[in-house]
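Trainee: Okay, so here is upload12.txt, and as you'll see once you scroll down, it has compact mmCIF, C-alpha atoms.
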# COMPACT_ATOMS: atom_id res chain seq x y z
CA MET A 8 90.77 96.11 79.09
CA GLU A 9 89.58 99.65 78.48
CA GLU A 10 85.92 98.63 78.80
CA TYR A 11 86.62 97.50 82.37
CA ARG A 12 87.93 100.88 83.48
CA ASN A 13 84.48 102.49 83.34
CA LEU A 14 82.81 99.80 85.49
CA SER A 15 81.81 100.58 89.08
CA GLU A 16 83.45 98.80 91.99
CA GLU A 17 80.34 96.69 92.52
CA GLU A 18 80.34 95.61 88.85
CA LEU A 19 84.04 94.74 89.03
CA ILE A 20 83.53 92.73 92.22
CA GLU A 21 80.66 90.86 90.61
CA GLY A 22 82.86 90.16 87.57
CA PHE A 23 85.65 88.88 89.80
CA ARG A 24 83.25 86.58 91.65
CA ASN A 25 82.14 85.23 88.27
CA GLY A 26 85.73 84.27 87.48
CA ASP A 27 86.99 87.32 85.58
CA GLY A 28 90.54 87.92 86.91
CA ILE A 29 90.90 91.20 85.01
CA CYS A 30 88.27 92.71 87.32
CA MET A 31 90.50 91.94 90.32
CA GLU A 32 93.51 93.54 88.61
CA ILE A 33 91.51 96.69 87.83
CA LEU A 34 90.35 96.98 91.46
CA LEU A 35 93.85 96.40 92.82
CA ASP A 36 95.25 99.06 90.47
CA ARG A 37 92.42 101.46 91.26
CA TYR A 38 93.06 101.32 95.02
CA ARG A 39 96.86 100.85 95.09
CA GLY A 40 97.34 104.59 95.72
CA MET A 41 95.03 104.46 98.73
CA VAL A 42 97.04 101.53 100.13
CA LYS A 43 100.33 103.40 99.65
CA TYR A 44 98.84 106.50 101.24
CA GLN A 45 97.73 104.59 104.35
CA ALA A 46 101.07 102.72 104.64
CA ARG A 47 103.26 105.83 104.31
CA THR A 48 103.16 106.87 107.99
CA LEU A 49 103.52 103.42 109.55
CA TYR A 50 106.64 101.55 110.61
CA LEU A 51 106.99 97.76 110.46
CA MET A 52 109.70 96.43 112.75
CA GLY A 53 111.85 93.99 110.78
CA GLY A 54 110.31 95.13 107.50
CA ASP A 55 110.30 98.00 105.08
CA GLN A 56 107.76 100.19 103.31
CA GLU A 57 107.24 97.61 100.57
CA ASP A 58 106.30 95.00 103.21
CA LEU A 59 103.68 97.39 104.57
CA ILE A 60 102.29 97.98 101.09
CA GLN A 61 102.07 94.20 100.59
CA GLU A 62 100.14 93.91 103.86
CA GLY A 63 97.83 96.69 102.71
CA MET A 64 97.27 94.92 99.39
CA ILE A 65 96.31 91.78 101.31
CA GLY A 66 93.76 93.91 103.19
CA LEU A 67 92.48 95.22 99.86
CA PHE A 68 92.21 91.67 98.53
CA LYS A 69 90.17 90.72 101.62
CA ALA A 70 87.92 93.73 101.05
CA ILE A 71 87.27 92.65 97.46
CA ARG A 72 86.63 89.09 98.58
CA ASP A 73 84.32 89.98 101.48
CA TYR A 74 82.46 93.06 100.21
CA SER A 75 78.71 92.94 100.13
CA PRO A 76 76.68 95.68 98.37
CA GLU A 77 74.47 95.89 101.45
CA LYS A 78 77.39 97.31 103.46
CA ILE A 79 76.81 100.89 104.48
CA GLY A 80 79.20 103.42 102.97
CA GLY A 81 80.07 101.63 99.75
CA PHE A 82 83.14 99.73 98.66
CA ALA A 83 85.65 102.59 99.02
CA ALA A 84 84.93 103.01 102.74
CA PHE A 85 84.93 99.24 103.30
CA ALA A 86 88.25 98.85 101.45
CA LYS A 87 89.84 101.67 103.45
CA LEU A 88 88.74 100.00 106.70
CA CYS A 89 90.02 96.56 105.64
CA VAL A 90 93.38 97.97 104.55
CA ALA A 91 93.77 99.94 107.79
CA ARG A 92 92.95 96.87 109.88
CA GLN A 93 95.45 94.71 107.99
CA LEU A 94 98.19 97.35 108.31
CA TYR A 95 97.62 97.90 112.02
CA LYS A 96 97.48 94.16 112.65
CA ALA A 97 100.86 93.75 110.90
CA VAL A 98 102.40 96.63 112.86
CA GLN A 99 101.08 95.29 116.17
CA ALA A 100 102.41 91.80 115.41
CA SER A 101 105.83 93.19 114.51
CA ASN A 102 105.93 95.27 117.69
CA ARG A 103 105.13 92.21 119.80
CA GLN A 104 108.01 90.49 118.05
CA LYS A 105 105.81 87.39 117.95
CA HIS A 106 107.16 86.48 114.54
CA MET A 107 110.75 87.64 115.09
CA PRO A 108 112.33 84.45 113.66
CA LEU A 109 110.14 84.76 110.57
CA ASN A 110 111.03 88.41 110.08
CA THR A 111 114.77 87.80 110.25
CA TYR A 112 116.41 88.61 106.95
CA VAL A 113 118.05 85.71 105.13
CA GLU A 114 119.82 86.43 101.84
CA LEU A 115 118.51 84.11 99.13
CA SER A 116 120.34 85.53 96.14
CA PRO A 117 123.87 86.86 95.65
CA GLU A 118 124.41 90.57 95.29
CA LEU A 119 127.40 92.52 94.06
CA HIS A 120 129.00 94.31 97.00
CA GLU A 121 131.86 96.74 97.13
CA GLY A 122 134.99 95.97 99.12
CA PRO A 123 137.70 93.31 99.24
CA ASP A 124 135.20 90.41 98.96
CA SER A 125 133.50 91.95 95.95
CA PRO A 126 133.33 89.67 92.89
CA LEU A 127 135.01 92.54 91.05
CA GLU A 128 138.06 92.18 93.32
CA GLN A 129 138.28 88.34 93.25
CA SER A 130 140.47 86.17 91.06
CA PRO A 131 138.81 83.87 88.50
CA GLU A 132 139.60 80.90 90.76
CA GLU A 133 137.91 82.57 93.76
CA LEU A 134 134.90 83.45 91.61
CA LEU A 135 134.56 79.83 90.44
CA ILE A 136 134.79 78.51 94.00
CA ALA A 137 132.24 81.08 95.20
CA GLN A 138 129.90 80.14 92.34
CA GLU A 139 130.23 76.42 93.19
CA ASP A 140 129.56 77.19 96.87
CA LEU A 141 126.46 79.17 95.92
CA LEU A 142 125.17 76.34 93.72
CA SER A 143 125.76 73.88 96.56
CA LEU A 144 123.88 76.11 99.00
CA GLN A 145 120.99 76.50 96.55
CA GLU A 146 120.82 72.71 96.04
CA ARG A 147 120.80 72.11 99.82
CA LEU A 148 118.01 74.65 100.25
CA ARG A 149 115.93 73.28 97.38
CA SER A 150 116.32 69.71 98.69
CA CYS A 151 114.46 70.65 101.88
CA LEU A 152 111.66 72.59 100.12
CA SER A 153 108.31 71.27 98.97
CA ARG A 154 107.38 71.54 95.29
CA PHE A 155 105.19 74.59 96.00
CA GLU A 156 107.92 76.28 98.07
CA SER A 157 110.41 75.70 95.23
CA GLN A 158 108.02 77.30 92.75
CA VAL A 159 107.46 80.28 95.06
CA LEU A 160 111.22 80.69 95.63
CA GLU A 161 111.92 80.60 91.90
CA GLN A 162 109.32 83.32 91.22
CA TYR A 163 110.49 85.40 94.20
CA LEU A 164 114.10 85.29 93.02
CA GLU A 165 112.90 86.52 89.62
CA GLY A 166 111.74 89.67 91.42
CA LYS A 167 108.00 89.04 91.44
CA ASN A 168 105.90 90.32 94.35
CA TYR A 169 103.42 88.28 96.43
CA LEU A 170 100.41 89.14 94.27
CA GLU A 171 102.21 88.32 91.02
CA ILE A 172 103.39 84.98 92.41
CA ALA A 173 99.91 84.19 93.74
CA ARG A 174 98.36 84.98 90.38
CA GLU A 175 100.97 82.92 88.50
CA LEU A 176 100.61 79.87 90.78
CA GLN A 177 96.84 80.32 91.21
CA LYS A 178 97.13 80.53 95.00
CA SER A 179 96.17 83.16 97.55
CA PRO A 180 98.70 85.88 98.51
CA LYS A 181 98.57 84.54 102.08
CA SER A 182 99.69 81.05 100.99
CA VAL A 183 102.59 82.66 99.09
CA ASP A 184 103.50 84.68 102.21
CA ASN A 185 103.37 81.52 104.35
CA ALA A 186 105.56 79.64 101.85
CA LEU A 187 108.18 82.44 101.88
CA GLN A 188 108.20 82.40 105.68
CA ARG A 189 108.74 78.61 105.65
CA ILE A 190 111.54 79.04 103.09
CA ARG A 191 113.27 81.62 105.28
CA ARG A 192 112.92 79.39 108.33
CA LYS A 193 114.26 76.33 106.50
CA ALA A 194 117.17 78.36 105.10
CA ALA A 195 118.07 79.59 108.58
CA GLU A 196 117.76 76.06 110.05
CA ALA A 197 120.02 74.71 107.30
CA GLY A 198 122.58 77.40 108.11
CA LEU A 199 122.20 79.09 104.74
Before we go any further, please render this structure as structure tokens.

Mentor:
Amino acid sequence: MEEYRNLSEEELIEGFRNGDGICMEILLDRYRGMVKYQARTLYLMGGDQEDLIQEGMIGLFKAIRDYSPEKIGGFAAFAKLCVARQLYKAVQASNRQKHMPLNTYVELSPELHEGPDSPLEQSPEELLIAQEDLLSLQERLRSCLSRFESQVLEQYLEGKNYLEIARELQKSPKSVDNALQRIRRKAAEAGL
């Protein structure tokens, strides 16, 4: 992996286009700071800073995919432009509230909360009933998901981000994003 770190952006892009996935990882790591820097001052309605960073990483992925050495200014300038466009497009879409149903938060995994309904404050019987209810809800949700959506949900609940899931399932980050949006919509429609 160390031999990749000294390669230029153009060499890494060429390697990626020839099927070397490590080149993509190196480029994504190399420019992650630039993405975070651009996302830091923006606000995404219905989202958080991590959502903005994910959008920026999608812009970076598009830059890697679409870059041509003939472009004036080099890869760094092209990547910065692609990331900025993707971020601003996401912010504009959230401000128009065009995707408001898709941006609505739906809890997909249980969390420990403080208060009277906390699992720490429940009797063993209440905990068992709550666990059975959760399993029933998860089965109902999974029954209405496609195979791909089930795979994406499983990975997402393990804490993986869009790029990790895309890499694992050999899909694009956009198809993972679309699957998560469909999962959220189906969960809301099922009353979960």

Trainee: Applying 8 Å and all atoms listed in the file, which residues near A:Ala97 remain after dropping the ones on its own chain fewer than 4 positions away? List them as a ChimeraX atom specification.

Mentor: /A:51,59,62,93,101

Trainee: One decimal, Å: what's the distance from atom CA of A:Asp73 over to atom CA of A:Gln56, could you say?

Mentor: 25.6 Å

Trainee: Between A:Leu170, A:Ala83, A:Leu148, A:Val159, which has the minimum distance to A:Phe68 (counting only C-alpha atoms)?

Mentor: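 Among A:Leu170, A:Ala83, A:Leu148, A:Val159, it is A:Leu170 that comes nearest to A:Phe68.
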
Trainee: Taking into account all atoms listed in the file, which residue in the set A:Ile60, A:Leu14, A:Val98, A:Met41 is nearest to A:Ala84?

Mentor: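 Closest to A:Ala84 of all the choices is A:Met41.
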
Trainee: Separation of atom CA of A:Asn25 and atom CA of A:Gln61, in Å?

Mentor: 25.1 Å

Trainee: Would you please work out which residue, of A:Asp55, A:Asp184, A:Glu77, A:Leu152, is nearest to A:Glu171 when using all atoms listed in the file?

Mentor: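 Closest residue, counting all atoms listed in the file: A:Asp184.
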
Trainee: Could you name the residues that touch A:Cys89 at 12 Å or less, counting only C-alpha atoms, but leaving out those on the same chain fewer than 6 positions away, as a PyMOL selection string?

Mentor: chain A and resi 41-42+45+62-74+82-83+95-96

Trainee: Put the listed atoms of stretch 64-75 of chain A in a box along x, y and z with 6 Å added on every side and give me the centre and edge lengths in Å to one decimal, as AutoDock Vina command-line options.

Mentor:
--center_x 88.0 --center_y 92.2 --center_z 100.3 --size_x 30.6 --size_y 18.1 --size_z 17.7
